[in-house]
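K.L.:
Provided herewith: coords33.cif, mmCIF, C-alpha atoms.
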```cif
data_run
#
loop_
_atom_site.label_atom_id
_atom_site.label_comp_id
_atom_site.auth_asym_id
_atom_site.auth_seq_id
_atom_site.Cartn_x
_atom_site.Cartn_y
_atom_site.Cartn_z
CA MET A 1 70.08 65.62 1.60
CA GLY A 2 72.84 67.14 3.65
CA TRP A 3 73.61 68.53 7.02
CA LEU A 4 73.70 72.29 7.21
CA ASN A 5 76.13 74.37 9.23
CA ILE A 6 74.57 75.88 12.32
CA ARG A 7 75.37 79.55 12.73
CA ILE A 8 76.53 80.45 16.21
CA TYR A 9 76.38 83.69 18.12
CA PRO A 10 77.46 86.40 17.27
CA ASP A 11 76.68 85.67 13.59
CA PRO A 12 74.66 88.73 12.41
CA ILE A 13 71.97 86.66 10.64
CA LEU A 14 70.74 85.53 14.07
CA LYS A 15 69.62 89.10 14.85
CA LYS A 16 67.79 89.74 11.56
CA LEU A 17 64.03 89.57 11.03
CA ALA A 18 63.38 86.66 8.66
CA GLU A 19 61.33 87.19 5.49
CA GLU A 20 58.03 85.44 4.87
CA VAL A 21 58.04 82.44 2.57
CA SER A 22 55.98 83.40 -0.47
CA ASP A 23 56.12 80.12 -2.40
CA ILE A 24 56.66 76.56 -1.21
CA ASP A 25 58.76 75.48 -4.15
CA GLU A 26 61.41 72.79 -4.64
CA LYS A 27 64.06 75.01 -3.02
CA ILE A 28 61.94 75.32 0.16
CA ARG A 29 61.15 71.57 0.20
CA LYS A 30 64.89 70.81 -0.06
CA LEU A 31 65.62 73.27 2.74
CA ILE A 32 62.99 71.54 4.93
CA GLN A 33 64.61 68.13 4.26
CA ASP A 34 68.10 69.43 5.00
CA MET A 35 66.97 71.24 8.16
CA THR A 36 65.17 68.11 9.37
CA GLU A 37 68.24 65.95 8.81
CA THR A 38 70.44 68.55 10.50
CA MET A 39 68.11 68.78 13.51
CA PHE A 40 67.68 65.03 13.97
CA PHE A 41 71.14 63.75 13.13
CA GLY A 42 73.60 66.62 12.89
CA SER A 43 72.82 68.67 15.97
CA GLY A 44 70.80 66.77 18.54
CA GLY A 45 68.32 69.63 18.73
CA ILE A 46 64.53 69.55 19.01
CA GLY A 47 63.96 72.65 16.93
CA LEU A 48 65.78 74.50 14.19
CA ALA A 49 64.91 77.81 12.51
CA ALA A 50 66.11 78.73 9.02
CA PRO A 51 68.19 81.72 10.23
CA GLN A 52 70.21 79.28 12.35
CA VAL A 53 71.45 77.70 9.12
CA GLY A 54 72.02 81.03 7.41
CA ILE A 55 68.71 81.28 5.53
CA GLY A 56 66.58 84.34 6.24
CA PHE A 57 63.13 82.73 5.79
CA ARG A 58 60.30 82.39 8.33
CA LEU A 59 60.51 78.62 8.48
CA ALA A 60 61.36 76.20 11.30
CA VAL A 61 61.27 72.48 11.99
CA ILE A 62 60.22 71.17 15.39
CA ASP A 63 60.62 67.66 16.75
CA LYS A 64 57.11 67.27 18.13
CA SER A 65 58.08 63.79 19.40
CA LEU A 66 60.62 65.55 21.66
CA GLY A 67 63.64 63.38 21.00
CA LYS A 68 62.17 60.27 19.34
CA LYS A 69 63.15 61.59 15.88
CA GLU A 70 59.73 61.06 14.31
CA SER A 71 58.52 63.24 11.46
CA PRO A 72 58.91 66.90 12.42
CA LEU A 73 56.36 69.63 12.50
CA VAL A 74 57.28 72.16 9.81
CA ILE A 75 56.06 75.68 10.48
CA ILE A 76 56.14 78.29 7.73
CA ASN A 77 55.36 81.96 8.44
CA PRO A 78 54.26 81.19 12.02
CA LYS A 79 52.51 83.71 14.26
CA ILE A 80 51.59 83.45 17.91
CA ILE A 81 48.04 84.76 18.15
CA ALA A 82 47.35 84.11 21.84
CA ALA A 83 49.39 83.27 24.92
CA GLU A 84 48.47 82.43 28.51
CA GLY A 85 50.25 81.80 31.75
CA GLU A 86 53.93 82.08 32.48
CA VAL A 87 56.49 79.47 33.31
CA MET A 88 60.23 79.64 33.89
CA GLY A 89 62.33 76.85 32.39
CA GLU A 90 65.87 76.01 31.40
CA GLU A 91 66.64 76.60 27.72
CA GLY A 92 69.57 75.91 25.51
CA CYS A 93 70.14 76.87 21.90
CA LEU A 94 72.03 75.28 19.03
CA SER A 95 73.35 78.76 18.18
CA PHE A 96 74.73 79.09 21.73
CA PRO A 97 76.54 75.76 22.21
CA GLU A 98 76.84 74.51 25.79
CA THR A 99 74.89 77.48 27.17
CA TYR A 100 71.75 77.09 29.27
CA ALA A 101 69.70 79.63 31.19
CA PRO A 102 66.29 79.98 32.81
CA ILE A 103 63.92 81.72 30.37
CA LYS A 104 60.35 82.86 31.05
CA ARG A 105 57.81 81.75 28.42
CA ALA A 106 54.06 81.49 28.03
CA LYS A 107 52.72 78.17 29.31
CA ARG A 108 50.17 77.82 26.51
CA ILE A 109 50.04 79.43 23.08
CA GLU A 110 47.82 79.44 20.05
CA VAL A 111 49.80 79.59 16.84
CA GLU A 112 49.02 79.91 13.13
CA PHE A 113 51.31 78.75 10.34
CA ILE A 114 51.39 77.21 6.89
CA ASN A 115 52.42 73.57 6.52
CA PRO A 116 54.63 72.27 3.67
CA LYS A 117 51.54 71.45 1.59
CA GLY A 118 50.53 75.12 1.70
CA LYS A 119 47.67 74.50 4.13
CA PHE A 120 46.85 77.02 6.84
CA VAL A 121 47.06 75.46 10.33
CA ARG A 122 45.96 76.81 13.70
CA MET A 123 46.83 74.88 16.84
CA VAL A 124 47.21 75.20 20.59
CA VAL A 125 50.34 73.88 22.27
CA GLU A 126 51.28 73.76 25.92
CA ASP A 127 54.18 73.31 28.28
CA TYR A 128 57.45 72.11 26.73
CA LEU A 129 56.19 72.13 23.14
CA ALA A 130 54.93 75.70 23.62
CA ARG A 131 58.44 76.61 24.81
CA VAL A 132 60.00 75.10 21.67
CA PHE A 133 57.55 76.97 19.40
CA GLN A 134 58.27 80.26 21.14
CA HIS A 135 62.04 79.70 20.97
CA GLU A 136 61.97 78.96 17.22
CA ILE A 137 59.62 81.85 16.44
CA ASP A 138 61.98 84.12 18.41
CA HIS A 139 64.75 83.07 15.99
CA LEU A 140 62.55 84.13 13.06
CA ASP A 141 62.10 87.51 14.74
CA GLY A 142 65.84 87.98 15.36
CA THR A 143 65.40 87.46 19.10
CA LEU A 144 67.93 85.34 20.98
CA ILE A 145 67.79 83.74 24.42
CA LEU A 146 70.19 86.50 25.54
CA ASP A 147 67.44 89.01 24.74
CA ARG A 148 65.10 87.19 27.15
CA MET A 149 67.45 87.60 30.15
CA ASN A 150 67.93 90.45 32.57
CA ARG A 151 71.03 92.55 31.94
CA LEU A 152 73.15 91.06 34.72
CA ARG A 153 72.51 87.45 33.68
CA ARG A 154 72.89 88.33 29.98
CA ASP A 155 76.28 90.00 30.54
CA PHE A 156 77.54 87.09 32.66
CA ILE A 157 76.41 84.38 30.22
CA LYS A 158 77.66 86.31 27.20
CA MET A 159 81.09 86.84 28.78
CA ARG A 160 81.39 83.17 29.78
CA TYR A 161 80.20 81.99 26.35
CA LEU A 162 82.58 84.23 24.39
CA LYS A 163 85.55 83.16 26.55
CA ARG A 164 84.69 79.49 26.00
CA MET A 165 84.33 79.94 22.23
CA LYS A 166 87.71 81.71 22.03
CA ARG A 167 89.37 79.03 24.16
CA GLN A 168 87.93 76.33 21.87
CA GLY A 169 89.18 78.21 18.79
CA LYS A 170 85.67 78.80 17.44
CA MET A 171 86.10 82.58 17.56
CA THR A 172 88.94 85.04 17.28
#
```
Rewrite the coordinates I just gave you, this time as structure tokens.
P.N.:
Amino acid sequence: MGWLNIRIYPDPILKKLAEEVSDIDEKIRKLIQDMTETMFFGSGGIGLAAPQVGIGFRLAVIDKSLGKKESPLVIINPKIIAAEGEVMGEEGCLSFPETYAPIKRAKRIEVEFINPKGKFVRMVVEDYLARVFQHEIDHLDGTLILDRMNRLRRDFIKMRYLKRMKRQGKMT
């Protein structure tokens, strides 16, 4: 196993629509292991989508224990099939280091996905876990937290982020 490099904005892969996983083979199982290790020990995140590590597949790992580093929920080819309610909450993103903003999300969602054993799963999640699911599925759709903000907030956060990244030598 190994930690993967997290792609940061404005890496173009973050804006691409990820492709469906057609076969859960050894390559995908290895990717799941590496993403899990990266999420738990290399990034401090509670969710990680394959595009964030440079892989254009519809696959994400979610820390359903929300910080306790227990076995993750692996979602392959996920789809939100129903959503209810709205709630505003602070979100950060591993691909936008040190950047947080209020983002509106559905309070409760019903989602379908395939698990690593190839089994179809349908579940309902609420509150914070629903937020994490929606955030990771957004990554699979090429949608970033910037895309969920109004123009004024987006321009301000983007400007502040890009200045900070340049100052830290992470961008030219």
K.L.:
Identify which of the residues A:Ala18, A:Ile109, A:Ile6, A:Ile80 lies closest to Thr38 (chain A), counting all atoms listed in the file when measuring atom-to-atom distances.
P.N.:
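Closest residue, counting all atoms listed in the file: A:Ile6.
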K.L.:
Can you list what the PyMOL selection byres ((chain A and resi 100) around 12) grabs from this structure, as a PyMOL selection string?
P.N.:
chain A and resi 89-99+101-103+145-146+149+153-154+157-158+160-161
K.L.:
Kindly indicate which residue among A:Glu70, A:Glu26, A:Glu19, A:Glu37 lies nearest to Trp3 (chain A), using all atoms listed in the file for the distances.
P.N.:
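Nearest to Trp3 (chain A): A:Glu37.
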K.L.:
If you measure from CA of Ile75 (chain A) to CA of Ile137 (chain A), what distance in Å do you get, rounded to one decimal?
P.N.:
9.3 Å
K.L.:
Suppose you want the space between CA of Leu14 (chain A) and CA of Pro51 (chain A); what is it in Å?
P.N.:
6.0 Å
K.L.:
What does the distance from CA of Arg29 (chain A) to CA of Ile55 (chain A) come to in Å, to one decimal?
P.N.:
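CA of Ile55 (chain A) lies at a distance of 13.4 Å from CA of Arg29 (chain A).
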K.L.:
I'd like to see the residues matched by the PyMOL selection byres ((chain A and resi 23) around 12) on this file, and ideally I'd get them as a PyMOL selection string.
P.N.:
chain A and resi 19-22+24-29+57-59+76-77+114-118
K.L.:
Could you check which of A:Gln33, A:Lys119, A:Pro10, A:Arg148 is closest to His135 (chain A), using all atoms listed in the file?
P.N.:
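Result for the nearest residue to His135 (chain A): A:Arg148.
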K.L.:
Give me the box for region 148-158 of chain A as AutoDock Vina command-line options, namely the centre and edge lengths in Å to one decimal of a box along x, y and z that holds every listed atom plus 6 Å on each side.
P.N.:
```
--center_x 71.4 --center_y 88.5 --center_z 30.9 --size_x 24.6 --size_y 20.2 --size_z 19.6
```
K.L.:
For the structure provided, state which residues fall under the PyMOL selection byres ((chain A and resi 47) around 8), and present them as JSON, numbers by chain.
P.N.:
{"A": [39, 45, 46, 48, 49, 60, 61, 62, 63, 132, 136]}
K.L.:
Pick from A:Lys64, A:Gly85, A:Pro12, A:Arg105: nearest to Asp138 (chain A), with all atoms listed in the file counted?
P.N.:
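For Asp138 (chain A), the nearest of the given residues is A:Arg105.
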K.L.:
Using all atoms listed in the file, which protein or nucleic acid residues come within 10 Å of Arg108 (chain A)? Drop anything in the same chain fewer than 4 positions from it, and give the result as a list of chain:residue names.
P.N.:
A:Ala82, A:Ala83, A:Glu84, A:Gly85, A:Glu86, A:Val87, A:Val124, A:Val125, A:Glu126, A:Asp127, A:Tyr128, A:Leu129, A:Ala130, A:Arg131
K.L.:
The residues within 10 Å of (71.3, 69.3, 6.5), using all atoms listed in the file and the coordinates of the file, should be reported as a list in words; which are they?
P.N.:
Met1, Gly2, Trp3, Leu4, Asn5, Ile6, Lys30, Leu31, Ile32, Gln33, Asp34, Met35, Thr36, Glu37, Thr38, Met39, Phe40, Phe41, Gly42, Ser43 and Val53 of chain A
K.L.:
My list of candidates is A:Gln168, A:Thr143, A:Gln134, A:Ser71. Which is closest to Gln52 (chain A) when distances are computed with only C-alpha atoms?
P.N.:
A:Thr143
K.L.:
What residues have an atom no more than 7 Å from (48.6, 82.0, 8.5) in the file's own frame, counting all atoms listed in the file, and can you write them as a list in words?
P.N.:
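Taken together, the residues in range are Asn77, Pro78, Glu112, Phe113, Ile114, Phe120 and Val121 of chain A.
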K.L.:
Output: region 39-144 of chain A of the preceding structure, restricted to C-alpha atoms, written as a short mmCIF file (atom, residue, chain, number, x, y, z; two decimals), in the first residue's frame.
P.N.:
```
data_model
loop_
_atom_site.label_atom_id
_atom_site.label_comp_id
_atom_site.auth_asym_id
_atom_site.auth_seq_id
_atom_site.Cartn_x
_atom_site.Cartn_y
_atom_site.Cartn_z
CA MET A 39 -7.57 9.29 3.48
CA PHE A 40 -6.95 7.89 6.96
CA PHE A 41 -3.24 8.52 7.39
CA GLY A 42 -1.95 10.76 4.62
CA SER A 43 -4.52 13.52 4.49
CA GLY A 44 -6.70 13.66 7.57
CA GLY A 45 -9.81 13.69 5.39
CA ILE A 46 -13.14 11.93 5.86
CA GLY A 47 -13.75 11.31 2.19
CA LEU A 48 -11.64 10.92 -0.92
CA ALA A 49 -12.74 10.55 -4.55
CA ALA A 50 -10.57 8.90 -7.20
CA PRO A 51 -10.22 12.10 -9.30
CA GLN A 52 -8.61 13.75 -6.27
CA VAL A 53 -5.72 11.30 -6.65
CA GLY A 54 -5.57 11.65 -10.42
CA ILE A 55 -7.72 8.62 -11.35
CA GLY A 56 -10.79 9.31 -13.46
CA PHE A 57 -13.05 6.55 -12.07
CA ARG A 58 -16.41 6.88 -10.28
CA LEU A 59 -15.10 5.58 -6.98
CA ALA A 60 -14.77 7.16 -3.53
CA VAL A 61 -13.96 6.13 0.02
CA ILE A 62 -15.85 7.63 2.95
CA ASP A 63 -14.96 7.45 6.62
CA LYS A 64 -18.41 6.53 7.91
CA SER A 65 -17.00 6.58 11.47
CA LEU A 66 -16.31 10.31 10.92
CA GLY A 67 -12.78 10.48 12.24
CA LYS A 68 -12.37 7.20 14.17
CA LYS A 69 -10.53 5.62 11.21
CA GLU A 70 -12.64 2.47 11.11
CA SER A 71 -13.19 0.57 7.87
CA PRO A 72 -14.40 2.98 5.20
CA LEU A 73 -17.48 2.84 3.07
CA VAL A 74 -16.39 2.31 -0.53
CA ILE A 75 -18.81 3.61 -3.12
CA ILE A 76 -18.43 2.63 -6.77
CA ASN A 77 -20.55 4.26 -9.50
CA PRO A 78 -22.72 6.09 -6.94
CA LYS A 79 -25.92 7.92 -7.84
CA ILE A 80 -28.13 10.10 -5.70
CA ILE A 81 -31.68 8.99 -6.44
CA ALA A 82 -33.58 11.16 -3.96
CA ALA A 83 -32.84 14.20 -1.82
CA GLU A 84 -34.84 16.10 0.79
CA GLY A 85 -34.45 19.21 2.84
CA GLU A 86 -31.69 21.77 2.72
CA VAL A 87 -29.02 22.65 5.20
CA MET A 88 -26.11 25.08 5.08
CA GLY A 89 -22.82 23.89 6.56
CA GLU A 90 -19.12 24.61 6.53
CA GLU A 91 -17.13 22.46 4.09
CA GLY A 92 -13.50 22.01 3.35
CA CYS A 93 -11.83 19.95 0.65
CA LEU A 94 -8.53 18.11 0.42
CA SER A 95 -8.15 19.55 -3.09
CA PHE A 96 -8.54 23.09 -1.66
CA PRO A 97 -6.14 23.02 1.31
CA GLU A 98 -6.95 25.38 4.18
CA THR A 99 -10.12 26.63 2.47
CA TYR A 100 -13.56 26.45 4.10
CA ALA A 101 -16.89 27.89 3.04
CA PRO A 102 -20.59 27.50 3.80
CA ILE A 103 -22.16 25.15 1.24
CA LYS A 104 -25.86 24.30 0.86
CA ARG A 105 -26.59 20.55 0.66
CA ALA A 106 -29.57 18.23 0.96
CA LYS A 107 -30.19 17.16 4.55
CA ARG A 108 -31.11 13.59 3.61
CA ILE A 109 -30.31 11.58 0.49
CA GLU A 110 -30.98 8.16 -0.90
CA VAL A 111 -28.01 6.81 -2.80
CA GLU A 112 -27.25 3.73 -4.90
CA PHE A 113 -23.79 2.32 -5.49
CA ILE A 114 -21.81 -0.87 -5.93
CA ASN A 115 -19.63 -2.10 -3.07
CA PRO A 116 -16.15 -3.66 -3.56
CA LYS A 117 -17.69 -7.14 -3.69
CA GLY A 118 -19.75 -6.09 -6.71
CA LYS A 119 -23.01 -5.97 -4.74
CA PHE A 120 -25.62 -3.32 -5.46
CA VAL A 121 -26.38 -1.20 -2.37
CA ARG A 122 -29.13 1.33 -1.74
CA MET A 123 -29.07 3.38 1.45
CA VAL A 124 -30.39 6.53 3.06
CA VAL A 125 -27.98 8.87 4.82
CA GLU A 126 -28.64 12.08 6.71
CA ASP A 127 -26.99 15.16 8.09
CA TYR A 128 -23.18 15.18 8.10
CA LEU A 129 -22.78 11.82 6.35
CA ALA A 130 -25.19 12.99 3.61
CA ARG A 131 -22.96 16.05 3.19
CA VAL A 132 -19.86 13.86 2.78
CA PHE A 133 -21.60 11.65 0.20
CA GLN A 134 -22.74 14.67 -1.80
CA HIS A 135 -19.27 16.24 -1.67
CA GLU A 136 -17.55 13.08 -2.94
CA ILE A 137 -20.16 12.45 -5.64
CA ASP A 138 -19.66 16.07 -6.76
CA HIS A 139 -15.96 15.24 -7.29
CA LEU A 140 -16.97 12.32 -9.53
CA ASP A 141 -19.11 14.73 -11.54
CA GLY A 142 -16.32 17.31 -11.90
CA THR A 143 -18.07 19.71 -9.52
CA LEU A 144 -16.01 21.56 -6.93
#
```
